[in-house]
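Scroll down for the structure; my scribbles are underneath it.
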4 protein chains.
Amino acid sequence: MAPQKLKIGAAGLGRMGKRHALNFLNRTPRAELVAAFSPDPAEIAWARQHLEPHGVTLYDNYQKMIEHPGIMAVVIGTATSVHAEEAIQAMEKNLHVLCEKPLSTSIEVCRNVVSESKKRLHLKVMCGFSRRFDESYRDAFQKMEQGLIGRPSILRSQTCDKHDPSGFYVAYAAWSGGVFVDMAVHDIDLTLWFFGDDIIPKSVSAHGIRAVQPELKQYNDYDNAVGIVEFHNGKIAYYYCSRMMAHGQEDTTEIIGTEGKLTVNSNPQQNFVNHYHSGGITREVPPHYWGRFEMAFVKEAQEFADACLDGTPLPMKLSNAAKAVEIGSALQEALVTGKQIHFDEIGRRVEKPSL
Amino acid sequence: MAPQKLKIGAAGLGRMGKRHALNFLNRTPRAELVAAFSPDPAEIAWARQHLEPHGVTLYDNYQKMIEHPGIMAVVIGTATSVHAEEAIQAMEKNLHVLCEKPLSTSIEVCRNVVSESKKRLHLKVMCGFSRRFDESYRDAFQKMEQGLIGRPSILRSQTCDKHDPSGFYVAYAAWSGGVFVDMAVHDIDLTLWFFGDDIIPKSVSAHGIRAVQPELKQYNDYDNAVGIVEFHNGKIAYYYCSRMMAHGQEDTTEIIGTEGKLTVNSNPQQNFVNHYHSGGITREVPPHYWGRFEMAFVKEAQEFADACLDGTPLPMKLSNAAKAVEIGSALQEALVTGKQIHFDEIGRRVEKPSL
Amino acid sequence: MAPQKLKIGAAGLGRMGKRHALNFLNRTPRAELVAAFSPDPAEIAWARQHLEPHGVTLYDNYQKMIEHPGIMAVVIGTATSVHAEEAIQAMEKNLHVLCEKPLSTSIEVCRNVVSESKKRLHLKVMCGFSRRFDESYRDAFQKMEQGLIGRPSILRSQTCDKHDPSGFYVAYAAWSGGVFVDMAVHDIDLTLWFFGDDIIPKSVSAHGIRAVQPELKQYNDYDNAVGIVEFHNGKIAYYYCSRMMAHGQEDTTEIIGTEGKLTVNSNPQQNFVNHYHSGGITREVPPHYWGRFEMAFVKEAQEFADACLDGTPLPMKLSNAAKAVEIGSALQEALVTGKQIHFDEIGRRVEKPSL
Amino acid sequence: MAPQKLKIGAAGLGRMGKRHALNFLNRTPRAELVAAFSPDPAEIAWARQHLEPHGVTLYDNYQKMIEHPGIMAVVIGTATSVHAEEAIQAMEKNLHVLCEKPLSTSIEVCRNVVSESKKRLHLKVMCGFSRRFDESYRDAFQKMEQGLIGRPSILRSQTCDKHDPSGFYVAYAAWSGGVFVDMAVHDIDLTLWFFGDDIIPKSVSAHGIRAVQPELKQYNDYDNAVGIVEFHNGKIAYYYCSRMMAHGQEDTTEIIGTEGKLTVNSNPQQNFVNHYHSGGITREVPPHYWGRFEMAFVKEAQEFADACLDGTPLPMKLSNAAKAVEIGSALQEALVTGKQIHFDEIGRRVEKPSL
């Protein structure tokens with residue numbers, strides 16, 4: 001008898017939603033994409049061509065999709081504003097959920113999703129932080145766990161996008177939650193992974209500029225920002241987010257310990273080619289996150305299917321997704337107010353620094 | 001209606017055969033693995049667990065497999081000695097063929113397969129040189145085609161395996177055709193790709209040593225060998241093959257032109273991690289070819305399926321597979337005889353060099 | 001007639017003082033080391049062996065040395081606490097001055113030296129920030145000046161020393177001025193160079209930990225610190241200082257512009273050797289700043305001699321040395337108080353951020 | 001009393017001769033450049049400006065220069081054709097000799113110089129193979145000596161110059177001895193260093209093309225050549241020489257052992273700068289050997305002075321310089337005749353390969 005497959009529906013067929021749908025259709029042997037939903041006729045037209053011929057039922061109504069016969073799980077790649085609501089609705093239908101990051105740009109809404117998930121511990125509910133599934137980050141984590149760098153103490157991480165002159169990211173800033181919630185949330189999630197998810201921020205500082213997109217001022221956002229989070233256990237993480245890179249995507253992380261250091265992607269490269277010419281030696285860089293993390297998204301889909309089918313643990317807690325948004329929001333607040341923000345040892349906001 | 005898929009059978013389920021079977025099963029959306037053959041009960045046992053539950057019919061008889069209802073193609077990953085025979089039998093059944101390299105270690109047998117294939121031009125028959133499907137080699141080729149290095153003139157390429165102290169490769173040397181036929185054949189195929197498959201060798205030199213496996217002497221083979229092929233159009237390729245690497249697989253190629261140079265894999269790396277420690281900075285290297293070329297094999301399966309289903313051209317000619325073995329054999333002869341070998345401008349063996 | 005040489009005296013023969021003395025003795029063709037001073041008998045004993053035989057007169061009294069017949073300049077490599085006083089005394093004797101950094105850990109004292117130098121504009125007075133003489137930093141600066149990265153906007157720079165378990169740096173912290181004044185002052189000087197020395201800080205944040213030297217607490221100092229300086233012209237610099245590196249010295253700088261990025265030393269290396277072994281590929285890293293900047297110090301001595309003899313401008317203003325200490329002190333204050341510090345557009349300290 | 005210095009004269013003030021003269025004048029503390037010779041009025045004019053003011057006596061007659069009062073040594077940087085004669089004349093005057101490579105392009109003449117030197121063992125006579133003084137090659141050698149790569153077995157080395165379209169190297173080919181004697185002689189010297197200078201060639205193969213300078217045909221020379229030398233003790237060296245590089249100088253060496261590999265300069269770089277731009281990440285490469293080996297020439301001068309003054313051994317035997325030319329000549333002969341050349345176990349030329 002053929003092994004059971006995870007019957008899954010895909011909600012949202014935008015840029016990332018399409019990729020999730022195709023990953024579950026073609027690159028997740030233990031899953032079967034049975035349904036897809038989009039409110040957007042253009043996306044449905046795409047799906048009619050690329051999904052329907054392979055037996056995927058299309059819906060323009062999310063509620064109906066999650067009632068598709070036999071459906072066991074959903075992958076949510078819709079607009080951030082509906083992530084949480086759709087995740088909760090799916091849980092109410094007893095479906096496993098893989099939700100694109102972030103759950104929400106609102107801390108409270110994030111916490112609601114976490115609470116809901118705690119009522120249904122048999123369901124696998126995951127917010128997709130793709131770097132958790134990247135081979136290099138995993139290798140670095142294992143090396144750290146093996147003690148190769150002593151006690152991890154400083155983490156530097158950056159999420160830097162290739163400059164997009166189209167103005168897309170200005171409009172996007174209206175509802176993205178700001179650069180630290182939208183971009184650095186990946187770096188914060190890495191911090192929770194490498195430093196442990198029980199760490200408590202002690203103080204937070206941030207500074208930003210608008211170097212290429214002055215229009216961001218209307219949304220109180222920035223195109224380049226640097227932030228520092230100091231934790232109560234004597235660790236520091238610092239972040240750089242930018243949407244101004246000329247050369248491509250450059251997401252780099254350093255984990256610095258008392259006896260060594262691990263870096264991930266300190267030398268970005270598109271592939272194994274170097275071109276030697278009269279101006280020197282040049283290698284290319286992936287233009288976008290997909291060029292760097294495509295296989296991590298495939299792995300994410302596969303491990304999600306495994307966890308749902310086998311009941312095995314997911315590689316990350318849902319509560320981290322809320323915590324990452326909390327820390328991102330504190331950084332964003334420090335950024336826009338120009339004030340350092342302080343927390344006591346149990347994480348409550350306080351006025352004065354504890355020295 | 002669901003799109004047609006390429007119904008394919010896998011012959012041979014050894015190390016590489018398993019990988020081909022799983023690629024067609026799981027990572028080739030347009031193909032359907034319908035059958036698998038192995039004469040080896042242990043391999044059949046593996047298939048019973050990993051293939052049969054997914055609807056793959058198992059055979060211990062190659063002839064019967066190629067008569068499986070609806071079968072359209074075979075992927076051949078059996079022992080080299082039966083590649084050619086199985087390929088021809090499949091063609092006789094009107095099946096497309098993807099055959100692991102080499103077609104044969106015998107030039108004559110290679111040529112027979114090529115002749116047979118010319119009788120059935122509607123069939124897609126390909127010898128799988130995986131580097132042709134590697135993203136980096138393709139990028140390098142496109143850059144060369146764009147004229148970025150002027151006229152390509154010198155090609156350096158090496159196939160270097162991690163040392164395997166088990167003695168496997170000593171036994172293997174009995175029938176491998178020798179180090180230039182078994183290993184350098186990849187580098188020779190790259191030469192045909194980058195220099196053009198109409199190039200004619202002018203002279204061939206080779207030298208070898210047995211540095212770690214003196215037992216190879218009984219098979220007249222070597223564990224390290226260096227060879228040079230000079231072509232009639234004023235180009236040179238030189239090769240290094242080794243089975244002695246401590247650090248892992250290192251397959252590197254340089255294409256040197258009159259106005260620039262392209263390198264592929266001049267800095268081998270397992271992933272994007274660097275470890276900084278008291279002895280310096282260390283990165284790891286893939287231990288085996290699979291770590292370097294896994295995605296190229298996936299691409300190979302996908303493009304083979306595309307070509308079979310759509311009738312589009314394959315990215316390489318079958319006759320190159322025969323030509324690569326010819327050149328490899330000349331290098332091997334030069335290696336074991338200690339004599340330079342010469343060819344005239346139409347490729348006939350001559351005694352004296354044409355200066 | 002032999003060309004005139006710059007007759008110079010060396011004050012201080014400790015670790016760095018010795019190097020300056022030997023550079024002027026052996027590697028500065030246009031200078032002649034005529035005198036050397038140290039209050040320390042051990043250092044004088046060293047000088048008796050290494051300097052005196054080459055015609056250098058030794059002094060245990062600074063005043064007497066600066067009255068050495070014919071002396072034209074001094075290089076000051078004594079303890080930081082006497083830098084300023086000795087520099088002023090030398091100027092009063094009409095001598096050119098090359099002073100090790102910092103002029104002083106006190107902003108006021110720094111300013112005094114700058115004021116004194118302004119009274120004697122015919123004298124060359126320089127505080128030695130060696131990176132200004134490093135070939136790579138100069139190349140990066142020229143590339144920036146050529147417009148290769150658009151408008152420079154973000155600067156990341158770190159000064160990271162190999163961990164010294166001897167406890168030396170704990171004792172040293174008593175009078176070093178703190179990690180940002182002692183270490184980051186180099187990175188701040190680079191900021192003044194690359195961003196322009198007329199930039200005005202707008203706000204300053206800093207955080208630190210004591211990861212390997214808890215004893216630093218008694219001096220209110222830290223072994224790892226991260227700081228951000230936001231400037232009024234829409235630029236940000238951020239710094240990381242550490243004395244905890246396992247692998248060696250790692251002084252890295254990135255200058256990020258609106259159209260590109262320049263990095264200096266993003267891949268530290270001791271030399272051109274790579275060692276391939278069963279654990280991967282390893283390269284070594286210089287253990288100390290001398291391994292990275294030796295030739296910059298030689299260049300510094302040579303250009304100082306040129307400027308003194310030819311009356312040509314020095315490559316940096318003395319006032320920058322004071323300004324770098326000012327910014328370093330603000331970072332240090334932010335670090336120890338846990339408060340963000342703000343400045344108005346003409347550099348006056350203000351309470352509230354100007355948003 | 002001032003320590004004794006090595007009074008040295010410089011013969012030849014062409015491109016390399018000037019550099020030697022300036023190194024002994026300015027960068028060799030234990031040497032004193034007392035005299036310089038050139039037959040060329042233009043070079044003497046240069047010397048009048050750059051050497052004479054520093055007390056260097058100029059000569060247009062070599063014989064007279066080597067009789068300069070107190071002279072103890074000569075550095076010979078004249079045309080190759082007079083190297084040997086001048087070296088012998090200097091020895092006859094009881095002078096130490098540092099001679100640019102090669103001693104001669106004639107094996108016999110080389111041997112004469114070696115014979116002469118054996119009659120005067122108190123004299124230091126060295127042929128300057130600069131790579132022997134390069135920090136990276138020395139580090140690699142030490143690592144090999146420490147056993148880090150097991151038994152060295154394969155050496156790959158290349159000397160590749162930036163393409164010079166001026167035609168200089170075509171004219172130069174008239175008397176350079178050919179590409180293997182002129183260029184690969186460095187790589188052969190490295191082979192003698194890393195494999196031991198008692199190694200005996202067993203067979204030699206070589207192939208070449210004229211890709212950018214067809215005019216070289218008149219001198220029977222090539223602008224790109226690949227050669228293999230197999231040694232009787234089971235080792236192989238293979239070489240690539242080219243004058244066609246677009247990107248700059250690229251002199252790379254790999255020493256491959258039974259348990260590891262060492263590379264020198266596998267990633268050529270001008271300095272520590274990387275430029276990130278819309279086309280990728282670019283680093284520059286030194287255009288000429290001076291950019292790569294400047295400090296090795298300084299070290300060479302210093303160690304030569306040390307050896308002369310202290311009677312300590314030189315880091316290389318003069319006989320190696322002859323042996324390197326012998327092997328280079330065999331490669332050149334193999335190149336131009338298109339025949340493999342064979343030697344017996346005591347190095348005598350034989351007709352047939354010993355298998």
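Ordering of the structure tokens sets the chain letters (A, B, ...); residue numbers start at 1 within each chain; ligands are numbered from 1 in the order shown.
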
Please report as a ChimeraX atom specification which residues of chain C come no farther than 9 Å from chain B, using only C-alpha atoms.
/C:245-248,268-270,276-286

Go ahead and write the residues just picked, N, CA and C atoms, as a PDB file, in the first residue's frame.
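Everything below was put into again-v8.pdb:
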```pdb
ATOM      1  N   MET C 245      39.342  37.249  20.465  1.00  0.00           N
ATOM      2  CA  MET C 245      39.454  36.409  19.272  1.00  0.00           C
ATOM      3  C   MET C 245      40.360  35.202  19.539  1.00  0.00           C
ATOM      4  N   ALA C 246      39.927  34.044  19.101  1.00  0.00           N
ATOM      5  CA  ALA C 246      40.766  32.848  19.205  1.00  0.00           C
ATOM      6  C   ALA C 246      41.789  32.799  18.082  1.00  0.00           C
ATOM      7  N   HIS C 247      41.419  33.336  16.934  1.00  0.00           N
ATOM      8  CA  HIS C 247      42.192  33.063  15.722  1.00  0.00           C
ATOM      9  C   HIS C 247      43.276  34.080  15.421  1.00  0.00           C
ATOM     10  N   GLY C 248      43.231  35.246  16.067  1.00  0.00           N
ATOM     11  CA  GLY C 248      44.249  36.259  15.787  1.00  0.00           C
ATOM     12  C   GLY C 248      43.614  37.629  15.682  1.00  0.00           C
ATOM     13  N   PRO C 268      40.670  37.759   6.671  1.00  0.00           N
ATOM     14  CA  PRO C 268      42.023  37.887   7.210  1.00  0.00           C
ATOM     15  C   PRO C 268      42.896  36.689   6.844  1.00  0.00           C
ATOM     16  N   GLN C 269      44.147  36.930   6.595  1.00  0.00           N
ATOM     17  CA  GLN C 269      45.065  35.838   6.279  1.00  0.00           C
ATOM     18  C   GLN C 269      46.498  36.241   6.621  1.00  0.00           C
ATOM     19  N   GLN C 270      47.226  35.283   7.102  1.00  0.00           N
ATOM     20  CA  GLN C 270      48.625  35.492   7.485  1.00  0.00           C
ATOM     21  C   GLN C 270      49.498  35.665   6.252  1.00  0.00           C
ATOM     22  N   TYR C 276      45.323  22.053   3.066  1.00  0.00           N
ATOM     23  CA  TYR C 276      44.192  21.155   2.831  1.00  0.00           C
ATOM     24  C   TYR C 276      44.453  19.877   3.621  1.00  0.00           C
ATOM     25  N   HIS C 277      43.514  19.503   4.459  1.00  0.00           N
ATOM     26  CA  HIS C 277      43.718  18.336   5.328  1.00  0.00           C
ATOM     27  C   HIS C 277      42.378  17.649   5.538  1.00  0.00           C
ATOM     28  N   SER C 278      42.384  16.604   6.329  1.00  0.00           N
ATOM     29  CA  SER C 278      41.155  15.808   6.431  1.00  0.00           C
ATOM     30  C   SER C 278      40.014  16.593   7.071  1.00  0.00           C
ATOM     31  N   GLY C 279      40.313  17.673   7.769  1.00  0.00           N
ATOM     32  CA  GLY C 279      39.252  18.492   8.362  1.00  0.00           C
ATOM     33  C   GLY C 279      38.803  19.633   7.479  1.00  0.00           C
ATOM     34  N   GLY C 280      39.398  19.788   6.307  1.00  0.00           N
ATOM     35  CA  GLY C 280      38.996  20.881   5.422  1.00  0.00           C
ATOM     36  C   GLY C 280      40.184  21.670   4.914  1.00  0.00           C
ATOM     37  N   ILE C 281      39.978  22.958   4.726  1.00  0.00           N
ATOM     38  CA  ILE C 281      41.018  23.843   4.210  1.00  0.00           C
ATOM     39  C   ILE C 281      41.215  24.967   5.223  1.00  0.00           C
ATOM     40  N   THR C 282      42.446  25.157   5.633  1.00  0.00           N
ATOM     41  CA  THR C 282      42.730  26.120   6.701  1.00  0.00           C
ATOM     42  C   THR C 282      43.773  27.135   6.269  1.00  0.00           C
ATOM     43  N   ARG C 283      43.500  28.391   6.592  1.00  0.00           N
ATOM     44  CA  ARG C 283      44.548  29.393   6.452  1.00  0.00           C
ATOM     45  C   ARG C 283      44.748  30.053   7.809  1.00  0.00           C
ATOM     46  N   GLU C 284      45.943  30.541   8.043  1.00  0.00           N
ATOM     47  CA  GLU C 284      46.242  31.172   9.321  1.00  0.00           C
ATOM     48  C   GLU C 284      45.961  32.672   9.267  1.00  0.00           C
ATOM     49  N   VAL C 285      45.957  33.285  10.434  1.00  0.00           N
ATOM     50  CA  VAL C 285      45.612  34.693  10.598  1.00  0.00           C
ATOM     51  C   VAL C 285      46.739  35.346  11.404  1.00  0.00           C
ATOM     52  N   PRO C 286      47.114  36.582  11.094  1.00  0.00           N
ATOM     53  CA  PRO C 286      48.174  37.204  11.887  1.00  0.00           C
ATOM     54  C   PRO C 286      47.751  37.283  13.354  1.00  0.00           C
TER      55      PRO C 286
END
```

As a compact mmCIF listing (two decimals) with N, CA and C atoms, in the first residue's frame, which residues of segment 86-327 of chain A does DSSP assign to strand (DSSP E)?
```txt
# COMPACT_ATOMS: atom_id res chain seq x y z
N HIS A 96 -2.92 21.11 10.43
CA HIS A 96 -1.55 21.58 10.69
C HIS A 96 -1.31 22.86 9.89
N VAL A 97 -0.42 23.71 10.40
CA VAL A 97 -0.21 25.00 9.75
C VAL A 97 1.28 25.32 9.59
N LEU A 98 1.64 25.62 8.37
CA LEU A 98 2.96 26.22 8.11
C LEU A 98 2.68 27.63 7.61
N CYS A 99 3.06 28.64 8.41
CA CYS A 99 2.70 30.01 8.07
C CYS A 99 3.97 30.80 7.74
N GLU A 100 3.93 31.52 6.64
CA GLU A 100 5.05 32.41 6.32
C GLU A 100 5.29 33.38 7.47
N VAL A 125 2.20 23.46 14.25
CA VAL A 125 2.01 24.84 13.81
C VAL A 125 3.37 25.53 13.80
N MET A 126 3.78 25.98 12.67
CA MET A 126 5.13 26.49 12.52
C MET A 126 5.11 27.80 11.74
N CYS A 127 5.91 28.73 12.19
CA CYS A 127 6.11 29.95 11.42
C CYS A 127 7.43 29.76 10.68
N GLY A 128 7.41 29.94 9.38
CA GLY A 128 8.54 29.51 8.55
C GLY A 128 9.72 30.46 8.57
N PRO A 152 29.01 30.93 23.31
CA PRO A 152 28.65 31.97 22.35
C PRO A 152 28.28 33.25 23.09
N SER A 153 28.79 34.37 22.62
CA SER A 153 28.67 35.61 23.39
C SER A 153 28.21 36.81 22.57
N ILE A 154 28.67 36.88 21.35
CA ILE A 154 28.30 38.00 20.48
C ILE A 154 27.76 37.42 19.18
N LEU A 155 26.65 37.94 18.72
CA LEU A 155 26.12 37.51 17.43
C LEU A 155 25.93 38.74 16.56
N ARG A 156 26.52 38.70 15.39
CA ARG A 156 26.30 39.77 14.41
C ARG A 156 25.54 39.17 13.26
N SER A 157 24.47 39.82 12.84
CA SER A 157 23.72 39.24 11.74
C SER A 157 23.11 40.35 10.91
N GLN A 158 23.11 40.16 9.62
CA GLN A 158 22.54 41.18 8.75
C GLN A 158 21.65 40.57 7.70
N THR A 159 20.59 41.29 7.37
CA THR A 159 19.73 40.94 6.26
C THR A 159 19.78 42.12 5.30
N CYS A 160 20.43 41.91 4.18
CA CYS A 160 20.66 43.02 3.27
C CYS A 160 20.17 42.64 1.88
N ASP A 161 19.21 43.41 1.41
CA ASP A 161 18.61 43.14 0.10
C ASP A 161 19.26 43.99 -0.99
N LYS A 162 19.20 43.46 -2.17
CA LYS A 162 19.61 44.23 -3.34
C LYS A 162 18.66 45.42 -3.48
N PRO A 201 15.96 40.09 26.78
CA PRO A 201 16.65 41.34 26.44
C PRO A 201 16.79 42.23 27.67
N LYS A 202 17.89 42.93 27.74
CA LYS A 202 18.14 43.85 28.86
C LYS A 202 18.02 45.30 28.35
N SER A 203 18.56 45.55 27.17
CA SER A 203 18.41 46.89 26.61
C SER A 203 18.58 46.83 25.10
N VAL A 204 18.01 47.82 24.46
CA VAL A 204 17.90 47.81 23.01
C VAL A 204 18.19 49.22 22.49
N SER A 205 19.08 49.33 21.49
CA SER A 205 19.37 50.62 20.86
C SER A 205 19.26 50.45 19.35
N ALA A 206 18.89 51.51 18.66
CA ALA A 206 18.83 51.41 17.20
C ALA A 206 18.94 52.78 16.56
N HIS A 207 19.51 52.78 15.37
CA HIS A 207 19.69 54.02 14.61
C HIS A 207 19.47 53.69 13.14
N GLY A 208 18.92 54.66 12.40
CA GLY A 208 18.66 54.40 10.99
C GLY A 208 18.84 55.62 10.12
N ILE A 209 18.98 55.38 8.85
CA ILE A 209 19.03 56.48 7.88
C ILE A 209 18.14 56.13 6.69
N ASN A 224 18.16 51.80 5.85
CA ASN A 224 19.33 51.20 6.49
C ASN A 224 19.18 51.39 7.99
N ALA A 225 19.36 50.34 8.75
CA ALA A 225 19.22 50.47 10.20
C ALA A 225 20.19 49.53 10.89
N VAL A 226 20.71 50.03 12.01
CA VAL A 226 21.62 49.23 12.83
C VAL A 226 21.04 49.17 14.23
N GLY A 227 21.01 48.01 14.82
CA GLY A 227 20.46 47.88 16.16
C GLY A 227 21.29 46.94 17.02
N ILE A 228 21.21 47.17 18.32
CA ILE A 228 21.93 46.32 19.28
C ILE A 228 20.92 45.82 20.30
N VAL A 229 20.97 44.54 20.60
CA VAL A 229 20.19 43.99 21.71
C VAL A 229 21.17 43.37 22.70
N GLU A 230 21.13 43.90 23.91
CA GLU A 230 21.95 43.30 24.97
C GLU A 230 21.03 42.41 25.81
N PHE A 231 21.50 41.21 26.14
CA PHE A 231 20.67 40.27 26.89
C PHE A 231 21.15 40.17 28.33
N LYS A 235 25.14 38.46 26.92
CA LYS A 235 25.35 38.25 25.50
C LYS A 235 24.84 39.48 24.76
N ILE A 236 25.36 39.70 23.58
CA ILE A 236 24.92 40.83 22.76
C ILE A 236 24.69 40.35 21.34
N ALA A 237 23.60 40.81 20.74
CA ALA A 237 23.40 40.61 19.31
C ALA A 237 23.33 41.97 18.66
N TYR A 238 23.94 42.09 17.49
CA TYR A 238 23.75 43.35 16.77
C TYR A 238 23.45 43.08 15.31
N TYR A 239 22.62 43.97 14.76
CA TYR A 239 21.99 43.70 13.47
C TYR A 239 22.17 44.87 12.53
N TYR A 240 22.23 44.52 11.28
CA TYR A 240 22.21 45.54 10.23
C TYR A 240 21.21 45.10 9.17
N CYS A 241 20.25 45.96 8.86
CA CYS A 241 19.31 45.69 7.78
C CYS A 241 19.48 46.76 6.73
N SER A 242 19.41 46.36 5.50
CA SER A 242 19.54 47.35 4.44
C SER A 242 18.77 46.88 3.22
N ARG A 243 18.25 47.84 2.49
CA ARG A 243 17.64 47.54 1.19
C ARG A 243 18.43 48.27 0.10
N MET A 244 19.74 48.41 0.29
CA MET A 244 20.52 49.29 -0.58
C MET A 244 21.67 48.59 -1.29
N MET A 245 21.79 47.28 -1.13
CA MET A 245 22.96 46.61 -1.69
C MET A 245 22.98 46.72 -3.22
N THR A 252 24.40 37.67 6.24
CA THR A 252 25.61 37.14 6.86
C THR A 252 25.42 37.07 8.37
N THR A 253 25.97 36.05 8.96
CA THR A 253 25.88 35.90 10.42
C THR A 253 27.22 35.47 10.97
N GLU A 254 27.60 36.07 12.09
CA GLU A 254 28.77 35.63 12.84
C GLU A 254 28.33 35.26 14.25
N ILE A 255 28.79 34.13 14.73
CA ILE A 255 28.55 33.76 16.13
C ILE A 255 29.92 33.68 16.78
N ILE A 256 30.14 34.59 17.73
CA ILE A 256 31.47 34.74 18.31
C ILE A 256 31.43 34.22 19.73
N GLY A 257 32.27 33.24 19.98
CA GLY A 257 32.30 32.64 21.29
C GLY A 257 33.60 32.94 22.01
N GLY A 260 36.25 30.85 19.92
CA GLY A 260 36.25 30.72 18.47
C GLY A 260 35.05 31.44 17.88
N LYS A 261 34.97 31.38 16.57
CA LYS A 261 33.93 32.10 15.87
C LYS A 261 33.45 31.27 14.71
N LEU A 262 32.16 31.35 14.42
CA LEU A 262 31.59 30.73 13.22
C LEU A 262 30.97 31.81 12.37
N THR A 263 31.21 31.75 11.07
CA THR A 263 30.52 32.67 10.18
C THR A 263 29.70 31.87 9.18
N VAL A 264 28.59 32.47 8.79
CA VAL A 264 27.77 31.90 7.73
C VAL A 264 27.65 32.95 6.63
N VAL A 273 31.82 29.86 -9.86
CA VAL A 273 32.56 30.47 -10.98
C VAL A 273 33.28 31.74 -10.53
N ASN A 274 34.53 31.88 -10.95
CA ASN A 274 35.24 33.15 -10.83
C ASN A 274 35.67 33.59 -12.22
N HIS A 275 35.51 34.86 -12.47
CA HIS A 275 35.89 35.41 -13.77
C HIS A 275 37.11 36.30 -13.57
N TYR A 276 38.21 35.93 -14.24
CA TYR A 276 39.47 36.69 -14.18
C TYR A 276 39.54 37.59 -15.41
N HIS A 277 39.69 38.86 -15.19
CA HIS A 277 39.69 39.80 -16.32
C HIS A 277 40.64 40.95 -16.00
N GLY A 280 40.52 42.47 -12.59
CA GLY A 280 40.70 41.66 -11.39
C GLY A 280 39.96 40.35 -11.49
N ILE A 281 39.48 39.87 -10.36
CA ILE A 281 38.77 38.59 -10.28
C ILE A 281 37.39 38.87 -9.69
N THR A 282 36.36 38.43 -10.39
CA THR A 282 34.99 38.76 -9.98
C THR A 282 34.16 37.50 -9.81
N ARG A 283 33.39 37.48 -8.75
CA ARG A 283 32.36 36.44 -8.63
C ARG A 283 31.02 37.13 -8.43
```

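Atom pair atom CA of Phe194 of chain C / atom CA of Phe141 of chain C has a distance of 6.7 Å (rounded to one decimal).
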
Distance query Asn23 of chain B at most 10 Å, only C-alpha atoms, self and fewer than 4 positions along chain excluded, as a list of chain:residue names:
B:Gly17, B:Lys18, B:Arg19, B:Arg27, B:Thr28, B:Pro29, B:Ala31, B:Leu33, B:Glu294, B:Met295, B:Phe297, B:Val298, B:Lys299, B:Glu300, B:Ala301, B:Gln302

Write out as a PyMOL selection string which residues come within 10 Å of Pro69 of chain B when counting only C-alpha atoms, dropping same-chain ones fewer than 6 positions away.
chain B and resi 7+34-35

Do a neighbour search on segment 40-52 of chain C at 12 Å with only C-alpha atoms, toss out local chain neighbours closer than 4 positions, and write the hits as a ChimeraX atom specification.
/C:9-26,32-36,56-62,78-79 /D:1-3

Skipping near chain neighbours, those fewer than 4 positions away, what residues fall within 8 Å of Ile188 of chain B using only C-alpha atoms, listed as a compact mmCIF listing (two decimals) with C-alpha atoms, in the first residue's frame?
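Wrote it out as out.txt, contents follow:
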```
# COMPACT_ATOMS: atom_id res chain seq x y z
CA ALA B 184 39.47 12.13 -16.57
CA LEU B 192 34.77 18.82 -25.82
CA ALA B 324 35.78 11.19 -24.63
CA ILE B 327 40.84 10.46 -25.85
CA GLY B 328 40.89 8.93 -22.39
```

Using DSSP on the backbone coordinates, identify all residues within segment 30-103 of chain C classified as helix (DSSP H, G or I); present the result as number ranges by chain.
C: 41-50, 52-54, 62-65, 80-92

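Non-sequential neighbours of Arg111 of chain D (distance at most 12 Å, separation of 2 or more positions within a chain, only C-alpha atoms) are Ala84, Ile88, Pro102, Leu103, Ser104, Thr105, Ser106, Ile107, Glu108, Val109, Val113, Val114, Ser115, Glu116, Ser117, Lys118, Leu318, Ser319, Asn320, Ala321, Ala322, Lys323, Ala324, Val325 and Glu326 of chain D.
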
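One distance worth recording is that between atom CA of Asp134 of chain D and atom CA of Val181 of chain D, which is 21.0 Å.
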